[in-house]
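File shown here: final.txt, holding compact mmCIF, C-alpha atoms.
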```txt
# COMPACT_ATOMS: atom_id res chain seq x y z
CA MET A 1 160.81 74.37 155.97
CA SER A 2 158.48 74.54 153.00
CA PRO A 3 158.04 77.86 151.16
CA ARG A 4 154.90 79.81 151.97
CA SER A 5 153.58 82.68 149.94
CA VAL A 6 153.24 86.08 151.55
CA VAL A 7 149.87 87.80 151.42
CA THR A 8 150.21 91.16 153.17
CA VAL A 9 147.94 93.54 151.30
CA CYS A 10 146.66 96.84 152.66
CA GLY A 11 143.11 96.84 151.35
CA VAL A 12 142.97 100.62 151.54
CA HIS A 13 145.13 100.78 148.45
CA SER A 14 142.06 99.98 146.40
CA LEU A 15 141.32 103.70 146.51
CA ARG A 16 144.10 104.33 143.99
CA ASP A 17 143.00 105.30 140.54
CA THR A 18 146.24 105.13 138.53
CA ALA A 19 147.13 101.60 137.48
CA SER A 20 148.83 99.42 134.88
CA PRO A 21 148.62 95.67 134.33
CA ILE A 22 151.37 93.33 135.53
CA VAL A 23 153.39 92.17 132.55
CA VAL A 24 152.44 88.64 131.52
CA GLY A 25 155.16 86.17 132.41
CA MET A 26 156.47 88.00 135.47
CA GLY A 27 157.61 85.61 138.19
CA ALA A 28 155.49 84.91 141.24
CA ARG A 29 158.01 86.46 143.65
CA TRP A 30 157.74 89.85 141.95
CA LYS A 31 153.98 89.69 142.31
CA ASP A 32 154.30 88.69 145.97
CA VAL A 33 156.41 91.77 146.61
CA ALA A 34 153.95 94.02 144.82
CA ILE A 35 151.08 92.57 146.83
CA ALA A 36 152.99 92.81 150.12
CA ALA A 37 153.72 96.49 149.54
CA GLY A 38 150.14 97.21 148.51
CA LEU A 39 151.18 97.85 144.91
CA ALA A 40 148.95 95.16 143.43
CA GLY A 41 145.75 93.38 144.31
CA GLY A 42 143.85 90.34 143.26
CA ASP A 43 142.97 92.04 139.98
CA GLY A 44 146.61 91.74 138.82
CA VAL A 45 147.01 95.50 138.48
CA VAL A 46 150.02 97.52 139.58
CA ARG A 47 149.31 100.77 141.41
CA PRO A 48 151.39 103.60 142.86
CA THR A 49 152.20 103.66 146.56
CA ILE A 50 149.71 105.29 148.89
CA PHE A 51 152.19 108.12 149.38
CA ALA A 52 152.54 108.76 145.66
CA GLU A 53 148.79 108.64 145.18
CA MET A 54 148.01 111.08 147.96
CA SER A 55 150.81 113.45 146.91
CA ALA A 56 149.47 113.42 143.34
CA LEU A 57 145.98 114.14 144.65
CA ALA A 58 147.37 116.97 146.78
CA ALA A 59 149.11 118.49 143.75
CA ARG A 60 146.02 118.20 141.57
CA THR A 61 143.80 119.87 144.17
CA GLU A 62 146.47 122.39 145.31
CA SER A 63 146.15 121.00 148.81
CA ALA A 64 148.48 121.51 151.76
CA ASN A 65 150.27 118.16 151.68
CA LEU A 66 150.51 116.70 155.18
CA GLY A 67 150.48 113.18 153.77
CA GLN A 68 153.98 112.25 152.65
CA GLY A 69 156.70 112.70 155.27
CA PHE A 70 159.46 114.59 153.52
CA PRO A 71 160.84 117.94 154.75
CA ASP A 72 159.96 121.13 152.90
CA GLY A 73 163.40 122.57 153.64
CA ASP A 74 166.96 121.42 153.01
CA GLY A 75 169.40 120.30 155.65
CA PRO A 76 172.10 122.55 157.19
CA GLU A 77 173.94 124.61 154.60
CA TRP A 78 177.38 123.75 155.95
CA ILE A 79 176.74 120.03 155.44
CA ARG A 80 175.56 120.67 151.88
CA GLU A 81 178.66 122.77 151.25
CA ALA A 82 180.81 119.90 152.51
CA ALA A 83 179.30 117.68 149.80
CA ILE A 84 179.88 120.35 147.16
CA ASN A 85 183.51 120.62 148.23
CA ALA A 86 183.85 116.85 148.07
CA ILE A 87 182.63 116.90 144.46
CA ARG A 88 185.12 119.63 143.59
CA GLU A 89 187.93 117.76 145.29
CA GLY A 90 187.36 114.60 143.27
CA GLU A 91 185.14 112.41 145.49
CA ASN A 92 183.17 111.22 142.48
CA GLN A 93 184.14 107.59 141.88
CA TYR A 94 183.22 104.38 143.66
CA PRO A 95 183.79 104.55 147.40
CA PRO A 96 184.76 101.29 149.14
CA GLY A 97 181.91 98.79 149.34
CA ARG A 98 181.75 99.07 153.13
CA GLY A 99 181.80 102.88 152.95
CA ILE A 100 184.69 105.31 153.34
CA ALA A 101 186.75 104.92 156.49
CA ALA A 102 185.94 108.43 157.74
CA LEU A 103 182.20 107.75 157.69
CA ARG A 104 182.48 104.30 159.27
CA GLU A 105 184.62 105.81 162.02
CA ALA A 106 182.11 108.64 162.51
CA ILE A 107 179.22 106.16 162.78
CA ALA A 108 181.13 104.11 165.35
CA ALA A 109 181.98 107.26 167.31
CA HIS A 110 178.33 108.37 167.18
CA GLN A 111 177.14 105.05 168.64
CA ALA A 112 179.76 105.21 171.38
CA ARG A 113 179.08 108.84 172.27
CA HIS A 114 175.29 108.63 172.37
CA TYR A 115 174.69 105.07 173.55
CA GLY A 116 177.93 103.56 174.85
CA ILE A 117 177.99 100.97 172.05
CA ALA A 118 181.57 100.08 171.08
CA LEU A 119 182.02 99.12 167.43
CA ASP A 120 184.95 98.18 165.21
CA PRO A 121 184.52 100.50 162.20
CA ASP A 122 186.33 98.04 159.95
CA THR A 123 184.18 94.99 160.63
CA GLU A 124 181.01 96.09 162.48
CA VAL A 125 179.86 99.09 160.41
CA LEU A 126 178.43 99.04 156.89
CA VAL A 127 177.38 102.12 154.90
CA THR A 128 174.28 101.59 152.73
CA ALA A 129 172.06 103.38 150.23
CA GLY A 130 169.77 104.65 152.95
CA ALA A 131 168.12 102.63 155.70
CA THR A 132 165.83 100.94 153.17
CA GLU A 133 168.72 99.12 151.52
CA ALA A 134 170.16 98.15 154.90
CA LEU A 135 166.82 96.68 156.00
CA THR A 136 166.27 94.85 152.74
CA ALA A 137 169.80 93.46 152.60
CA ALA A 138 169.58 92.30 156.22
CA ILE A 139 166.30 90.49 155.67
CA LEU A 140 167.50 88.88 152.43
CA ALA A 141 170.73 87.83 154.11
CA LEU A 142 169.21 86.26 157.21
CA VAL A 143 165.82 84.87 156.20
CA GLU A 144 164.92 81.83 154.10
CA PRO A 145 161.63 80.96 152.40
CA GLY A 146 159.23 79.67 155.03
CA ASP A 147 160.83 81.56 157.93
CA GLU A 148 158.65 83.94 159.87
CA VAL A 149 159.54 87.63 160.25
CA LEU A 150 157.71 89.54 162.97
CA THR A 151 157.09 93.28 162.70
CA LEU A 152 155.02 95.73 164.64
CA GLU A 153 151.65 96.65 163.11
CA PRO A 154 151.08 99.23 161.67
CA PHE A 155 154.37 98.88 159.76
CA TYR A 156 156.29 100.88 157.18
CA ASP A 157 155.56 99.48 153.72
CA SER A 158 159.17 98.64 152.81
CA HIS A 159 159.31 96.21 155.73
CA ALA A 160 156.55 94.09 154.19
CA ALA A 161 158.12 94.31 150.74
CA ALA A 162 161.53 93.11 151.94
CA ILE A 163 159.94 90.17 153.76
CA ALA A 164 158.15 89.20 150.56
CA MET A 165 161.41 89.46 148.58
CA ALA A 166 162.88 86.85 150.91
CA GLY A 167 159.88 84.56 150.44
CA ALA A 168 159.22 84.66 154.17
CA THR A 169 155.98 84.81 156.11
CA HIS A 170 155.08 88.18 157.62
CA THR A 171 153.64 88.05 161.12
CA THR A 172 152.78 91.06 163.27
CA ALA A 173 152.34 92.32 166.81
CA PRO A 174 149.86 95.19 167.21
CA LEU A 175 150.44 98.67 168.55
CA VAL A 176 147.21 99.72 170.24
CA PRO A 177 146.05 103.35 170.69
CA HIS A 178 145.60 104.51 174.29
CA GLU A 179 145.05 107.94 175.74
CA GLY A 180 148.79 108.36 176.32
CA GLY A 181 149.89 106.99 172.95
CA PHE A 182 150.17 103.72 171.02
CA ARG A 183 151.57 100.85 173.10
CA LEU A 184 152.71 97.37 172.17
CA ASP A 185 150.26 94.56 172.98
CA LEU A 186 152.74 92.39 174.86
CA GLU A 187 150.58 89.28 175.05
CA ALA A 188 149.83 89.41 171.34
CA MET A 189 153.53 89.88 170.63
CA ARG A 190 154.47 86.86 172.73
CA SER A 191 151.83 84.76 171.00
CA ALA A 192 153.10 85.85 167.57
CA VAL A 193 156.68 84.72 168.23
CA THR A 194 157.02 81.04 167.30
CA VAL A 195 159.84 78.56 166.80
CA GLU A 196 159.74 79.54 163.13
CA THR A 197 160.36 83.23 163.88
CA ARG A 198 163.80 83.77 162.40
CA LEU A 199 163.90 87.56 162.59
CA ILE A 200 162.14 90.27 164.58
CA LEU A 201 162.06 93.73 163.02
CA VAL A 202 161.76 96.47 165.65
CA ASN A 203 160.97 100.03 164.53
CA THR A 204 161.44 102.67 167.23
CA PRO A 205 160.78 105.59 167.19
CA HIS A 206 157.92 104.16 165.18
CA ASN A 207 156.56 105.18 161.80
CA PRO A 208 153.60 105.67 161.43
CA THR A 209 152.39 105.99 165.04
CA GLY A 210 155.15 108.12 166.61
CA THR A 211 155.56 105.59 169.42
CA VAL A 212 158.90 105.40 171.24
CA LEU A 213 159.03 101.90 172.66
CA SER A 214 159.77 101.77 176.39
CA ARG A 215 162.60 99.78 177.90
CA ASP A 216 160.04 97.33 179.31
CA GLU A 217 158.50 96.79 175.87
CA LEU A 218 161.92 96.26 174.32
CA GLN A 219 162.91 93.88 177.10
CA ALA A 220 159.81 91.79 176.43
CA ILE A 221 160.82 91.53 172.78
CA ALA A 222 164.37 90.64 173.82
CA GLU A 223 163.10 87.79 175.96
CA GLU A 224 161.12 86.36 173.05
CA ALA A 225 164.06 86.74 170.64
CA THR A 226 166.24 84.83 173.07
CA ARG A 227 163.61 82.14 173.59
CA VAL A 228 163.43 81.27 169.88
CA ASP A 229 167.00 82.32 168.99
CA ALA A 230 165.85 85.02 166.56
CA VAL A 231 167.99 87.80 165.14
CA VAL A 232 166.68 91.32 165.79
CA VAL A 233 166.93 94.01 163.12
CA THR A 234 166.11 97.52 164.27
CA ASP A 235 164.91 100.49 162.22
CA GLU A 236 166.04 103.50 164.26
CA VAL A 237 166.04 106.26 161.63
CA TYR A 238 164.13 108.66 163.90
CA GLU A 239 166.50 108.03 166.82
CA HIS A 240 167.19 111.74 167.47
CA LEU A 241 163.65 113.03 166.84
CA THR A 242 161.95 112.39 170.18
CA PHE A 243 159.84 114.74 172.32
CA ASP A 244 158.35 115.24 175.78
CA GLY A 245 161.38 113.69 177.43
CA ALA A 246 160.96 110.36 175.62
CA ILE A 247 164.25 108.48 175.53
CA HIS A 248 165.21 106.33 172.57
CA VAL A 249 166.71 103.06 173.82
CA PRO A 250 168.71 101.23 171.12
CA PHE A 251 167.85 97.54 171.24
CA ALA A 252 171.55 96.61 171.14
CA THR A 253 172.06 98.24 174.54
CA LEU A 254 169.79 95.72 176.30
CA PRO A 255 171.56 92.93 178.24
CA HIS A 256 172.90 90.19 175.93
CA MET A 257 171.24 91.72 172.84
CA ARG A 258 174.28 93.21 171.12
CA GLU A 259 175.35 89.81 169.77
CA ARG A 260 172.01 89.18 168.04
CA THR A 261 171.12 92.72 166.86
CA ILE A 262 171.66 94.61 163.62
CA THR A 263 171.04 98.32 164.23
CA ILE A 264 170.01 100.41 161.22
CA SER A 265 169.77 104.18 160.89
CA SER A 266 170.51 106.95 158.41
CA ALA A 267 171.34 110.61 157.98
CA GLY A 268 168.15 111.38 156.05
CA LYS A 269 165.83 112.13 158.97
CA THR A 270 168.52 113.33 161.39
CA PHE A 271 169.77 116.09 159.07
CA SER A 272 166.77 116.58 156.72
CA LEU A 273 168.75 115.20 153.78
CA THR A 274 166.44 112.37 152.75
CA GLY A 275 167.50 112.42 149.09
CA TRP A 276 171.14 111.71 149.87
CA LYS A 277 170.32 108.11 150.86
CA ILE A 278 173.21 107.60 153.26
CA GLY A 279 172.36 104.91 155.78
CA TRP A 280 174.18 102.30 157.80
CA ALA A 281 173.95 98.97 159.55
CA THR A 282 175.98 98.14 162.65
CA GLY A 283 176.35 94.98 164.68
CA PRO A 284 178.45 91.87 165.21
CA ALA A 285 180.98 91.28 162.45
CA HIS A 286 179.48 87.98 161.29
CA LEU A 287 176.02 89.54 160.86
CA ILE A 288 177.40 92.60 159.06
CA GLU A 289 179.40 90.30 156.78
CA ALA A 290 176.16 88.55 155.85
CA VAL A 291 174.45 91.86 155.07
CA LEU A 292 177.45 92.97 152.99
CA ALA A 293 177.24 89.79 150.92
CA ILE A 294 173.78 90.89 149.74
CA LYS A 295 174.30 94.66 149.73
CA GLN A 296 177.29 94.49 147.37
CA PHE A 297 175.01 93.05 144.68
CA LEU A 298 172.25 95.61 145.23
CA THR A 299 174.02 98.96 144.91
CA TYR A 300 177.59 97.85 145.73
CA THR A 301 178.25 101.42 146.87
CA GLY A 302 177.08 104.98 146.31
CA GLY A 303 176.87 108.57 147.49
CA ALA A 304 180.58 109.27 147.04
CA PRO A 305 180.54 113.03 147.81
CA PHE A 306 177.83 112.65 150.44
CA GLN A 307 179.77 110.19 152.56
CA PRO A 308 182.50 112.63 153.74
CA ALA A 309 179.83 115.29 154.31
CA ILE A 310 177.82 112.96 156.55
CA ALA A 311 181.00 111.92 158.37
CA ARG A 312 181.44 115.57 159.32
CA ALA A 313 177.73 115.94 160.16
CA LEU A 314 177.80 113.03 162.60
CA THR A 315 180.94 114.41 164.22
CA GLU A 316 180.09 118.13 164.31
CA GLY A 317 176.31 118.34 163.90
CA ASP A 318 174.85 117.84 167.38
CA THR A 319 173.75 121.49 167.52
CA ASP A 320 171.94 121.10 164.21
CA ILE A 321 170.14 118.01 165.52
CA THR A 322 168.99 119.91 168.61
CA ARG A 323 167.77 122.82 166.49
CA LEU A 324 165.81 120.48 164.20
CA ARG A 325 164.24 118.66 167.13
CA ASP A 326 163.16 121.94 168.74
CA THR A 327 161.66 123.18 165.47
CA LEU A 328 159.79 119.93 164.90
CA ASN A 329 158.54 119.90 168.49
CA ALA A 330 156.97 123.34 168.03
CA ARG A 331 155.32 122.20 164.80
CA ARG A 332 154.13 119.00 166.46
CA GLU A 333 152.45 121.02 169.21
CA ARG A 334 150.84 123.25 166.63
CA LEU A 335 149.49 120.34 164.58
CA VAL A 336 148.16 118.38 167.57
CA SER A 337 146.41 121.47 168.89
CA GLY A 338 144.94 122.35 165.50
CA LEU A 339 143.67 118.85 164.84
CA GLU A 340 142.00 118.63 168.23
CA GLN A 341 140.39 122.05 167.80
CA ALA A 342 139.03 120.86 164.45
CA GLY A 343 137.37 117.88 166.16
CA PHE A 344 139.83 115.01 165.74
CA THR A 345 140.93 112.75 168.56
CA THR A 346 144.71 112.48 168.37
CA VAL A 347 147.41 110.32 169.91
CA ARG A 348 150.29 112.51 170.96
CA PRO A 349 153.47 111.23 169.26
CA ALA A 350 156.63 110.85 171.32
CA GLY A 351 158.82 110.85 168.22
CA THR A 352 159.10 110.93 164.40
CA TYR A 353 157.34 113.31 161.96
CA PHE A 354 153.73 112.18 162.40
CA VAL A 355 150.47 112.65 164.28
CA CYS A 356 147.77 109.96 164.08
CA ALA A 357 144.16 111.13 164.36
CA ASP A 358 140.78 109.43 164.59
CA ALA A 359 138.52 110.81 161.86
CA THR A 360 135.37 109.13 163.19
CA PRO A 361 133.56 112.45 163.93
CA PHE A 362 133.68 113.29 160.22
CA LEU A 363 132.59 109.96 158.75
CA SER A 364 129.24 109.08 157.25
CA ALA A 365 127.59 106.59 154.93
CA GLY A 366 129.21 108.39 151.99
CA VAL A 367 132.65 108.60 153.62
CA PRO A 368 132.71 105.46 155.75
CA ASP A 369 136.34 105.11 156.86
CA GLY A 370 139.79 106.68 156.97
CA ALA A 371 140.63 105.64 153.41
CA ALA A 372 137.56 107.37 152.02
CA PHE A 373 138.17 110.37 154.26
CA ALA A 374 141.77 110.68 153.01
CA ARG A 375 140.48 110.83 149.45
CA TRP A 376 137.63 113.20 150.33
CA LEU A 377 139.72 115.70 152.29
CA PRO A 378 141.88 117.16 149.48
CA GLU A 379 138.90 117.61 147.18
CA HIS A 380 136.69 119.37 149.74
CA VAL A 381 139.03 120.92 152.31
CA GLY A 382 142.38 121.24 150.54
CA VAL A 383 144.50 119.15 152.92
CA ALA A 384 146.14 115.78 152.24
CA CYS A 385 146.75 113.01 154.78
CA VAL A 386 147.28 109.23 154.64
CA PRO A 387 144.94 106.51 155.96
CA LEU A 388 146.54 104.58 158.80
CA ALA A 389 145.14 101.25 157.60
CA ALA A 390 147.51 101.58 154.63
CA PHE A 391 150.22 100.46 157.06
CA CYS A 392 148.38 97.28 158.08
CA ARG A 393 147.82 93.81 156.69
CA ASP A 394 144.57 93.43 154.80
CA GLY A 395 141.93 91.95 157.05
CA SER A 396 143.99 92.08 160.23
CA ALA A 397 142.49 93.02 163.60
CA THR A 398 144.76 96.07 163.68
CA ALA A 399 143.51 97.23 160.28
CA ALA A 400 139.94 96.93 161.56
CA GLN A 401 140.74 98.82 164.75
CA LEU A 402 142.46 101.63 162.84
CA ARG A 403 140.14 101.78 159.83
CA ASN A 404 138.92 105.28 160.78
CA TRP A 405 142.37 106.69 161.55
CA VAL A 406 144.57 108.92 159.40
CA ARG A 407 148.13 110.21 159.66
CA PHE A 408 149.30 113.80 159.23
CA THR A 409 152.93 114.95 159.09
CA PHE A 410 154.34 118.06 160.76
CA VAL A 411 157.71 118.03 158.94
CA LYS A 412 156.50 120.94 156.81
CA ASP A 413 157.27 124.64 156.82
CA ASP A 414 155.24 127.04 158.93
CA ALA A 415 153.33 128.40 155.94
CA THR A 416 152.15 124.94 154.86
CA LEU A 417 151.08 124.06 158.40
CA ALA A 418 149.26 127.36 158.81
CA THR A 419 147.36 126.82 155.56
CA ALA A 420 146.45 123.28 156.50
CA LEU A 421 145.22 124.18 159.97
CA GLU A 422 143.20 127.13 158.69
CA ARG A 423 141.43 124.82 156.24
CA LEU A 424 140.93 122.01 158.75
CA ALA A 425 139.34 124.46 161.18
CA ARG A 426 136.42 124.73 158.74
CA LEU A 427 135.64 121.00 158.99
CA PRO A 428 133.03 121.32 161.79
CA GLN A 429 131.09 123.89 159.75
CA LEU A 430 130.88 121.76 156.61
CA PRO A 431 127.68 119.87 155.76
CA GLN A 432 127.65 116.19 156.71
CA LEU A 433 130.09 114.33 154.50
```
Entire entry expressed as structure tokens:
Amino acid sequence: MSPRSVVTVCGVHSLRDTASPIVVGMGARWKDVAIAAGLAGGDGVVRPTIFAEMSALAARTESANLGQGFPDGDGPEWIREAAINAIREGENQYPPGRGIAALREAIAAHQARHYGIALDPDTEVLVTAGATEALTAAILALVEPGDEVLTLEPFYDSHAAAIAMAGATHTTAPLVPHEGGFRLDLEAMRSAVTVETRLILVNTPHNPTGTVLSRDELQAIAEEATRVDAVVVTDEVYEHLTFDGAIHVPFATLPHMRERTITISSAGKTFSLTGWKIGWATGPAHLIEAVLAIKQFLTYTGGAPFQPAIARALTEGDTDITRLRDTLNARRERLVSGLEQAGFTTVRPAGTYFVCADATPFLSAGVPDGAAFARWLPEHVGVACVPLAAFCRDGSATAAQLRNWVRFTFVKDDATLATALERLARLPQLPQL
């Protein structure tokens, strides 16, 4: 197959105002990655991510930051103490490249206990520097230039960047907003899967929409993966953060899918320890071996004192997971209610940290879309959000459909949410934008 360049730009990133030129002489692949992640445009200028830009704008305007999805609080104290004890007890040098045995065993036990997935911790579990490294290593290991990689759209920005690193072609299947939530357009998905689709990347629970894919939706993807003999890589980092009775179904549990699926998750979202960067990939030994071949030349290994702490967390932390989910559910309810009272139309998320809202009632000739609204809001109301089109390919039908939408996060403390909702409540009284 002949190499094809990747052009997956989120046009909304043009609203960034901090930039530096690409260094002359940089290779084309680096530029492709920057473009794919929305970090550079046709002007050859490098820009910060949409998250960094909006967080900087929130800081400058002293806004309540509901844009970037990181917790305000730390994870459970006993897990943090376990890491401190590991440091004191000498867990400070390179762990094994696959991860320490205790953590690999805990990951395998977690998959068996929650989902009935049996894994060999020695050959079918790989510890990584967060889910991002696992995803990137998997894509680099399994995809060649010219192959197609299908993702959902909207998509998390690192997915597009990893596809560009591999020199592959990024194709997408849209998630469409309905009254009950975003749902996968099955016909569009089937049309997007071709004989050149080497890998399908499934993200559920889904960032940014909060969708938890149904078993029927997953089965439709499974049928297409089987038809074209594609590998499936799943991003399941929000696996325990589901609401309203939504059930997360790991793709590997579908009939005949275990042998073609790499399942990826991490401790960051589950235990509110995002900075520890302890993730993992699980799956058939030959696929994990391929991921390891790339991963060992990215970070090789890391997180020495965090690995035993997360091993304990996965084994003993079910109560902490339940407590976090209950807390987030209450904050989700509060944010959805507050946004709707302010005049937004929202899609109720079944999982993750995020609520998507249609800002159309607040748009005007001066603030024509969600990107402009996201920039306007901190300056005039004191709340930060992120435009949903930032998670779409430039010029795609999904980007057009979601051009007026924005995303807010509820993984913030009660004081931050209260401040944000008090300020947003003033929106209907403001003069036309």
Surrounding residues of segment 179-192 of chain A excluding itself and chain neighbours under 6 positions, 10 Å, all atoms listed in the file, as a VMD selection string | chain A and resid 148 to 153 171 to 173 206 209 to 214 216 to 218 220 to 221 223 to 225 345 to 350 356
Residue contacts of Asn404 of chain A (9 Å, only C-alpha atoms) excluding same-chain residues fewer than 5 positions away, as a PDB file with C-alpha atoms, keeping the file's coordinate frame:
```pdb
ATOM      1  CA  ALA A 357     144.160 111.130 164.360  1.00  0.00           C
ATOM      2  CA  ASP A 358     140.780 109.430 164.590  1.00  0.00           C
ATOM      3  CA  ALA A 359     138.520 110.810 161.860  1.00  0.00           C
ATOM      4  CA  THR A 360     135.370 109.130 163.190  1.00  0.00           C
ATOM      5  CA  LEU A 363     132.590 109.960 158.750  1.00  0.00           C
ATOM      6  CA  PRO A 368     132.710 105.460 155.750  1.00  0.00           C
ATOM      7  CA  ASP A 369     136.340 105.110 156.860  1.00  0.00           C
ATOM      8  CA  GLY A 370     139.790 106.680 156.970  1.00  0.00           C
ATOM      9  CA  ALA A 371     140.630 105.640 153.410  1.00  0.00           C
ATOM     10  CA  PHE A 373     138.170 110.370 154.260  1.00  0.00           C
ATOM     11  CA  PRO A 387     144.940 106.510 155.960  1.00  0.00           C
ATOM     12  CA  LEU A 388     146.540 104.580 158.800  1.00  0.00           C
ATOM     13  CA  ALA A 389     145.140 101.250 157.600  1.00  0.00           C
TER      14      ALA A 389
END
```
Mind running segment 81-191 of chain A against segment 257-266 of chain A at 9 Å and telling me each contacting residue's nearest atom pair with the distance in Å (one decimal), counting only C-alpha atoms, chain and number ascending, as CSV?
```
residue,atom,partner,partner_atom,distance
A:Ile117,CA,A:Arg258,CA,8.7
A:Thr128,CA,A:Ser266,CA,8.7
A:Gly130,CA,A:Ser266,CA,6.0
A:Ala131,CA,A:Ser266,CA,5.6
A:Ala134,CA,A:Ile264,CA,6.7
A:Leu135,CA,A:Ile264,CA,7.2
A:Ala138,CA,A:Ile262,CA,8.0
```
Kindly give the distance, in Å, that separates atom CA of Tyr156 of chain A and atom CA of Gly268 of chain A, rounded to a single decimal.
->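 One can read the atom CA of Tyr156 of chain A to atom CA of Gly268 of chain A distance as 15.9 Å.
Each of A:Arg98, A:Arg423, A:Arg227, A:Arg332 was checked against Phe354 of chain A using only C-alpha atoms; the smallest atom-to-atom distance is that of A:Arg332.
Minimum atom-to-atom distance to Ala418 of chain A, evaluated using all atoms listed in the file, belongs to A:Ala64 out of A:Ala64, A:Asp244, A:Pro431, A:Phe51.
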Considering all atoms listed in the file, state which residue in the set A:Gln111, A:Thr416, A:Thr282, A:Thr194 is at the smallest distance from Gly73 of chain A.
-> A:Thr416
For segment 290-298 of chain A, work out the shell of residues within 6 Å, counting all atoms listed in the file and skipping chain neighbours fewer than 3 positions away, then give it as a short mmCIF file (atom, residue, chain, number, x, y, z; two decimals) with C-alpha atoms, in the coordinates of the input.
```cif
data_model
loop_
_atom_site.label_atom_id
_atom_site.label_comp_id
_atom_site.auth_asym_id
_atom_site.auth_seq_id
_atom_site.Cartn_x
_atom_site.Cartn_y
_atom_site.Cartn_z
CA ALA A 137 169.80 93.46 152.60
CA ALA A 138 169.58 92.30 156.22
CA ALA A 141 170.73 87.83 154.11
CA LEU A 287 176.02 89.54 160.86
#
```
Protein/DNA/RNA residues near (170.7, 111.9, 158.0), cut 10 Å, only C-alpha atoms, as a PDB file with C-alpha atoms, in the frame of the given file:
```pdb
ATOM      1  CA  GLY A  75     169.400 120.300 155.650  1.00  0.00           C
ATOM      2  CA  GLY A 130     169.770 104.650 152.950  1.00  0.00           C
ATOM      3  CA  ALA A 131     168.120 102.630 155.700  1.00  0.00           C
ATOM      4  CA  VAL A 237     166.040 106.260 161.630  1.00  0.00           C
ATOM      5  CA  TYR A 238     164.130 108.660 163.900  1.00  0.00           C
ATOM      6  CA  SER A 265     169.770 104.180 160.890  1.00  0.00           C
ATOM      7  CA  SER A 266     170.510 106.950 158.410  1.00  0.00           C
ATOM      8  CA  ALA A 267     171.340 110.610 157.980  1.00  0.00           C
ATOM      9  CA  GLY A 268     168.150 111.380 156.050  1.00  0.00           C
ATOM     10  CA  LYS A 269     165.830 112.130 158.970  1.00  0.00           C
ATOM     11  CA  THR A 270     168.520 113.330 161.390  1.00  0.00           C
ATOM     12  CA  PHE A 271     169.770 116.090 159.070  1.00  0.00           C
ATOM     13  CA  SER A 272     166.770 116.580 156.720  1.00  0.00           C
ATOM     14  CA  LEU A 273     168.750 115.200 153.780  1.00  0.00           C
ATOM     15  CA  THR A 274     166.440 112.370 152.750  1.00  0.00           C
ATOM     16  CA  GLY A 275     167.500 112.420 149.090  1.00  0.00           C
ATOM     17  CA  TRP A 276     171.140 111.710 149.870  1.00  0.00           C
ATOM     18  CA  LYS A 277     170.320 108.110 150.860  1.00  0.00           C
ATOM     19  CA  ILE A 278     173.210 107.600 153.260  1.00  0.00           C
ATOM     20  CA  GLY A 279     172.360 104.910 155.780  1.00  0.00           C
ATOM     21  CA  ILE A 310     177.820 112.960 156.550  1.00  0.00           C
ATOM     22  CA  ALA A 313     177.730 115.940 160.160  1.00  0.00           C
ATOM     23  CA  LEU A 314     177.800 113.030 162.600  1.00  0.00           C
ATOM     24  CA  ILE A 321     170.140 118.010 165.520  1.00  0.00           C
TER      25      ILE A 321
END
```
In Å, how far is it from atom CA of Arg407 of chain A to atom CA of Lys31 of chain A?
-> 27.5 Å
Neighbours of Leu254 of chain A within 9 Å (only C-alpha atoms; same-chain residues fewer than 6 positions away dropped), as an NGL selection string?
-> :A and (215 or 218-219 or 222)
If we count all atoms listed in the file, what is near Leu199 of chain A at a cut-off of 8 Å, once residues fewer than 2 positions away on the same chain are taken out, given as an MDAnalysis selection string?
-> chainID A and resid 139 142:143 148:150 197 201 230:233
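Nearest residue to Pro361 of chain A among A:Ala109, A:Ala164, A:Leu427, A:Ala309 is A:Leu427, counting all atoms listed in the file.
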Provide the atom CA of Thr169 of chain A to atom CA of Phe251 of chain A distance in Å, to one decimal place.
-> 23.1 Å
